[in-house]
Structures are given as structure tokens and as C-alpha cells.
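Reading through the C-alpha cells given below for one structure.
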Amino acid sequence: MPSITLHLGREKSLYRRHPWIFSGAIGRVDGDPKSGETVDILDAKGNFIAKAAYSPESNIRARVWTFESAEDVDENFLRRRLDAAIKRRTSSTLSEGEGLGARAIRLIHAESDGLPGLIVDRYDDVLIMQVLTTGAEYWKETLADLLVELTGVPNIYERSDVDVRKLEGLEPRTGILRGNPPEKIILEEYGLKFNVDIAHGHKTGFYLDQSESRHIVGQLAKDRDVLNCFCYTGGFSIHAAAGGAKSVTSIDSSGDALALGRENAALNDQPAEIHEWIEGDVFRELRTFRDSRREFDLIILDPPKFAPTISQVKKATRGYKDINLLAFKLLRPGGILVTFSCSGGVDASLFQKIVAGAALDANVDAQIVQKLGQGADHPIALHFPESAYLKGLICLKA
Ligand code: SAH
């Protein structure tokens, strides 16, 4: 088997079971491995450490499949990994909550499930598969067959149209992988219905990672004037209206997302008068509200990743500070701010510091009453802290 020999001392992170091998750690590559092929990872003395998928163009040059020398990376290996991930979701409390039953759930969460580069969401009888790395790409057809076998779901749609594939030297790809999936479906979340555009929506069509938090926000919304910033297809807005909000104002820059948001309100028989949908830039709209002295009782900030990696942290920090500061100002006394960051480059403690700085500069007193995060079907591997990407705070303004 081809192999990668690491520089002396660069094996340490692997002994902590972190699955990434960066290009700078590599001393030598032997055996001319192809993109996505499995290679042995050896320490500087030639001792076996792991088997990993080779990614010649990426700075993350290899990703570990297994730390067991006796374990072959083949169809049976992938079947065991997929089966274990799916069983963890169906045999635990994860599927018992009324939220995400069998109808909508993340089945495979990449590194956290021991399957680097593979994301699989299940929406009823359709699987959406996202292939992010050369290793997952190398095994794509096998993975698709195994997913049909293990879930009994015949339809797979691929949404591998993400920028990170470029870093791996992979072209974007979308389309049918197995069966005959529809392009649009309706899924259910805590009893509410949502249109999902599988073919064109963001990510895999819906932000499943926020399901629980949307439910929590719904319960906070009664009799409140709600502002949902970065609303996408109205996830938090529909939950807030269902929870008895007095009014719900939703902002997004995407007209297509807002159109689905309106459809979602109708789908759930919510009176159109409750909802106001604004196509615009949140940074600008919040300033317009400030200047016109408009106020709210509950504000949700769920922006896109401002800092996908550490290098953009400074700029991202300014962005988070800006919107949180404005939100604190727009809240009435006793109002609630529900604020998120999904940036990998901004960890939980930095995010809390940014929000604290925003409150200070807005000259308001506030307290955190609850911390939020990604749902249980998006698990965080303890040896892979990067998987804890979604941070949320519920803050109460004095
Ligand atoms: N809260 C949503 C997910 C939000 S995703 C849910 O629960 O489904 C982030 C959204 O921000 C996307 O819909 C994107 O179109 C929008 N967006 C990105 N930058 C924006 C900006 N500057 N102003 C307004 N919307 C923006």
C-alpha cells in the first residue's frame, strides 16, 4: 500500500485521534498514491499510525479512516461505519423527540461519524448526499449503494456544489445519484411544514442543524414583535408565528429563499398579515430600523459563516459585533436576543466575548439565559473539536 511518512514529532495530533494530516507534517510520500486512495500513515521511524484518504491538492493532505492496522478500508468497512452512524440515530433518544423523527434527520455527519467528507441528510424518502473530500469521492458509488441498502431509501440526490471541493481539486456536482428523487419536498419539523428545494436550496436544502433552536425560539415568541435576521426560508419565522408572535419581520438577501418563506407561512395556515418579508442586507436594514426607532421584543441573528477559517476571524469579529450591537439597541427592555455563529474560526468563548462587547458598546445590560448549539444528529467528536461549529446564545436585555 502507498504510504506517507511524517516528520519527527508530527504524529502527536494523530495519537490524540485527530483525523487530519496537514501537508507540512509530511516528510515523504511513497508508492505514488492517486487522489482519494487509501494510504498508510507512518511515523518518522516507520511505525504504523493510521490508514487515511490521500488528497494531493489539499493543504489537509490526508484524512484518517481508521487507526487499526488490521482494518481494511473497503466496502465492509464503510458498511460498518455507516450502519453504526445510522443506528446511533435510530436507537437513541435522537429519533424519539417529536422534532426530527424519521422524516428529517442528519444521518451522517462526516468526521464526527468517522466518515470524513461525507454528509447525508434524510428528508423522508430522499437522501441528500454531500461529498466534500477526495476520499469520500473515491468511494462515492459504493457509499451510495450502501446507503440505499442500509436505510431502505431508494432515492439519493447529490449536492456536492460547495466551495471546499475546490480545495480538494474536485469539480462541483449536483443531480440524481440513485432512484428518482423529486426536486422539491415538504418536510415536517415539530409539527410544522416546510418546503425544501432539494436541487437549488442552500446546503442540502434546509438547515437541519437549527431544528431544536427553532423549536425553542417558537416557545419564546408569544405576544412578541419578532425580528428574524438571515431568515432563509423562514425557519425561525414560522416557528415564532406558530408560537403566538404578535408580528414577525424576516430579512434575507435571497429573493428565492423569501419566496419559499412566504409559501411556508401559507402551508402552515398562518395569516399573511402577521408576516413581513424584507429582501435586503441585514447590516443596512438594522440601521434603517435604528434610525426610524423601530423596536422588537425578540431578535434572531443567524448569519452565514463570516469566518470559515481562522484567517478571516478579524473581519468576522467586526461583522458579529456590528449586528449584535444593533440588535441590542433595537430590543425593548426585557427583550430577547437569540444570536448564533456557525463560523469554524470563531469558537464559543470568542463568540461570547464579541456579544459581550456588543452589549457594552450598545450601553445595555444583558445576561445569557441559555446556550444553544447544533442538534444531536450533528454530533461533536471529542477528538475533533472543529465539529463544534454552531454556537448560540439566548440573551435577556435588562
Ligand atoms: N436561520 C435560517 C438559516 C440562515 S442561513 C434557517 O433556520 O433556516 C443564512 C442566510 O443569510 C441565507 O439565507 C443567506 O441568503 C442570508 N444572507 C447572507 N448574507 C446576508 C446579508 N448580508 N443580508 C441578508 N441576508 C444574508
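Labeling convention for the C-alpha cells: chains A, B, ... as they appear, residues from 1 per chain, ligands from 1 in order of appearance.
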Q. What residues have any atom no more than 10 Å from ligand 1 when counting only C-alpha atoms and all ligand atoms, and can you list them as a PyMOL selection string?
A. chain A and resi 194+201-203+205-211+213-214+228-239+250-258+261+278-286+300-306+319+340+342
(Q) DSSP on the backbone, strand (DSSP E or B) only: what residues of stretch 8-215 of chain A does that give? Format it as a ChimeraX atom specification. (A) /A:20-22,26-30,38-42,48-54,60-66,104-109,118-123,126-131,155-160,173-178,184-189,192-197
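The environment of A:Arg332 within 8 Å, counting only C-alpha atoms and disregarding residues fewer than 2 places along the same chain, consists of Glu295, Phe296, Asp297, Lys329, Leu330, Gly334, Gly335 and Lys397 of chain A.
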Based on the selection just made, write N, CA and C atoms of those residues as a PDB file, in the first residue's frame.
ATOM      1  N   GLU A 295     -38.753  49.069  17.146  1.00  0.00           N
ATOM      2  CA  GLU A 295     -38.328  48.204  18.249  1.00  0.00           C
ATOM      3  C   GLU A 295     -38.943  46.818  18.161  1.00  0.00           C
ATOM      4  N   PHE A 296     -38.279  45.889  18.775  1.00  0.00           N
ATOM      5  CA  PHE A 296     -38.748  44.490  18.777  1.00  0.00           C
ATOM      6  C   PHE A 296     -38.579  43.891  20.177  1.00  0.00           C
ATOM      7  N   ASP A 297     -39.276  42.744  20.392  1.00  0.00           N
ATOM      8  CA  ASP A 297     -39.169  42.047  21.690  1.00  0.00           C
ATOM      9  C   ASP A 297     -38.318  40.788  21.602  1.00  0.00           C
ATOM     10  N   LYS A 329     -29.627  47.305  20.517  1.00  0.00           N
ATOM     11  CA  LYS A 329     -30.260  48.629  20.536  1.00  0.00           C
ATOM     12  C   LYS A 329     -31.728  48.568  20.132  1.00  0.00           C
ATOM     13  N   LEU A 330     -32.047  47.663  19.201  1.00  0.00           N
ATOM     14  CA  LEU A 330     -33.431  47.595  18.697  1.00  0.00           C
ATOM     15  C   LEU A 330     -34.370  46.880  19.659  1.00  0.00           C
ATOM     16  N   GLY A 334     -36.290  44.051  28.489  1.00  0.00           N
ATOM     17  CA  GLY A 334     -36.898  42.736  28.692  1.00  0.00           C
ATOM     18  C   GLY A 334     -36.904  41.898  27.424  1.00  0.00           C
ATOM     19  N   GLY A 335     -36.370  42.463  26.353  1.00  0.00           N
ATOM     20  CA  GLY A 335     -36.362  41.754  25.075  1.00  0.00           C
ATOM     21  C   GLY A 335     -35.312  40.642  25.043  1.00  0.00           C
ATOM     22  N   LYS A 397     -32.218  41.148  27.664  1.00  0.00           N
ATOM     23  CA  LYS A 397     -31.828  42.549  27.891  1.00  0.00           C
ATOM     24  C   LYS A 397     -32.543  43.081  29.138  1.00  0.00           C
TER      25      LYS A 397
END
**Q.** Within 6 Å of stretch 365-378 of chain A using only C-alpha atoms, minus same-chain residues under 6 positions, as a ChimeraX atom specification
**A.** /A:106,109,209,390-398
With C-alpha atoms retained, export the selected residues as a PDB file, in the first residue's frame.
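selection13.pdb was written with the following content:
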ATOM      1  CA  ARG A 106     -28.814  14.191   9.510  1.00  0.00           C
ATOM      2  CA  HIS A 109     -22.001  13.960   9.936  1.00  0.00           C
ATOM      3  CA  ASP A 209     -28.722  21.862  12.481  1.00  0.00           C
ATOM      4  CA  LEU A 390     -22.585  26.116  15.753  1.00  0.00           C
ATOM      5  CA  LYS A 391     -22.731  28.364  18.812  1.00  0.00           C
ATOM      6  CA  GLY A 392     -25.841  30.142  20.056  1.00  0.00           C
ATOM      7  CA  LEU A 393     -26.702  32.391  22.998  1.00  0.00           C
ATOM      8  CA  ILE A 394     -30.081  33.451  24.311  1.00  0.00           C
ATOM      9  CA  CYS A 395     -29.571  36.824  25.950  1.00  0.00           C
ATOM     10  CA  LEU A 396     -32.048  38.774  28.017  1.00  0.00           C
ATOM     11  CA  LYS A 397     -31.828  42.549  27.891  1.00  0.00           C
ATOM     12  CA  ALA A 398     -32.365  44.260  31.238  1.00  0.00           C
TER      13      ALA A 398
END
Q: Check the smallest atom-to-atom distance from each of A:Leu220, A:Val248, A:Leu6, A:Ile60 to A:Gly169 using only C-alpha atoms, then report the winner.
A: A:Ile60
What are the closest atom pairs, with distances in Å to one decimal, for each residue of stretch 172-222 of chain A lying within 8 Å of stretch 262-273 of chain A, using only C-alpha atoms, rows by chain and rising residue number, as a tab-separated table?
residue	atom	partner	partner_atom	distance
A:Leu192	CA	A:Asn268	CA	6.6
A:Lys193	CA	A:Asn268	CA	6.3
A:Phe194	CA	A:Asn264	CA	5.6
A:Asn195	CA	A:Asn264	CA	6.3
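With atom CA of A:Lys87 on one side and atom CA of A:Tyr123 on the other, the separation reads 16.8 Å.
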(Q) DSSP on the backbone, helix (DSSP H, G or I) only: what residues of stretch 23-187 of chain A does that give? Format it as a PyMOL selection string. (A) chain A and resi 23-25+75-90+93-95+110-113+134-138+140-151+164-167
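Around A:Ala307, within 10 Å and counting only C-alpha atoms, the residues found are A:Ser311, A:Gln312, A:Val313, A:Lys314, A:Lys315, A:Ala316, A:Thr317, A:Gly319, A:Ser341, A:Cys342, A:Ser343, A:Gly344, A:Gly345, A:Val346, once anything fewer than 4 positions away on its own chain is removed.
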**Q.** Residue neighbourhood A:Arg16, 10 Å, only C-alpha atoms, exclusion window fewer than 3 positions, as a PyMOL selection string
**A.** chain A and resi 11-13+19+382-384
Output file for the residues above (N, CA and C atoms, as a PDB file, in the first residue's frame):
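New file again32.pdb:
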ATOM      1  N   GLU A  11       3.467  13.273  14.645  1.00  0.00           N
ATOM      2  CA  GLU A  11       2.465  12.223  14.838  1.00  0.00           C
ATOM      3  C   GLU A  11       1.579  12.509  16.054  1.00  0.00           C
ATOM      4  N   LYS A  12       1.940  13.544  16.813  1.00  0.00           N
ATOM      5  CA  LYS A  12       1.279  13.757  18.119  1.00  0.00           C
ATOM      6  C   LYS A  12      -0.233  13.933  18.008  1.00  0.00           C
ATOM      7  N   SER A  13      -0.667  14.753  17.041  1.00  0.00           N
ATOM      8  CA  SER A  13      -2.121  15.004  16.939  1.00  0.00           C
ATOM      9  C   SER A  13      -2.860  13.717  16.563  1.00  0.00           C
ATOM     10  N   PRO A  19      -8.183  13.532  13.104  1.00  0.00           N
ATOM     11  CA  PRO A  19      -8.112  12.804  11.836  1.00  0.00           C
ATOM     12  C   PRO A  19      -7.425  13.512  10.666  1.00  0.00           C
ATOM     13  N   LEU A 382     -15.272  14.275  20.214  1.00  0.00           N
ATOM     14  CA  LEU A 382     -14.426  14.913  21.230  1.00  0.00           C
ATOM     15  C   LEU A 382     -12.999  15.110  20.730  1.00  0.00           C
ATOM     16  N   HIS A 383     -12.534  14.190  19.868  1.00  0.00           N
ATOM     17  CA  HIS A 383     -11.162  14.313  19.373  1.00  0.00           C
ATOM     18  C   HIS A 383     -11.080  15.231  18.144  1.00  0.00           C
ATOM     19  N   PHE A 384     -12.223  15.799  17.743  1.00  0.00           N
ATOM     20  CA  PHE A 384     -12.262  16.663  16.559  1.00  0.00           C
ATOM     21  C   PHE A 384     -13.058  17.912  16.898  1.00  0.00           C
TER      22      PHE A 384
END
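Distance check against A:Lys222 using only C-alpha atoms: of A:Ile156, A:Ile336, A:Glu276, A:Ile185, the minimum falls on A:Ile336.
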Q) Smallest atom-to-atom distance to A:Asn76: which of A:Gly135, A:Leu143, A:Glu57, A:Asp125, using only C-alpha atoms? A) A:Leu143
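Taking atom CA of A:Asn363 and atom CA of A:Leu331 as endpoints, the distance between them is 12.2 Å.
Interatomic distance, atom CA of A:Glu171 to atom CA of A:Arg17: 29.6 Å.
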**Q.** Option closest in space to A:Glu71, from A:Thr174, A:Thr38, A:Asn47, A:Ser247 [counting only C-alpha atoms]
**A.** A:Thr38
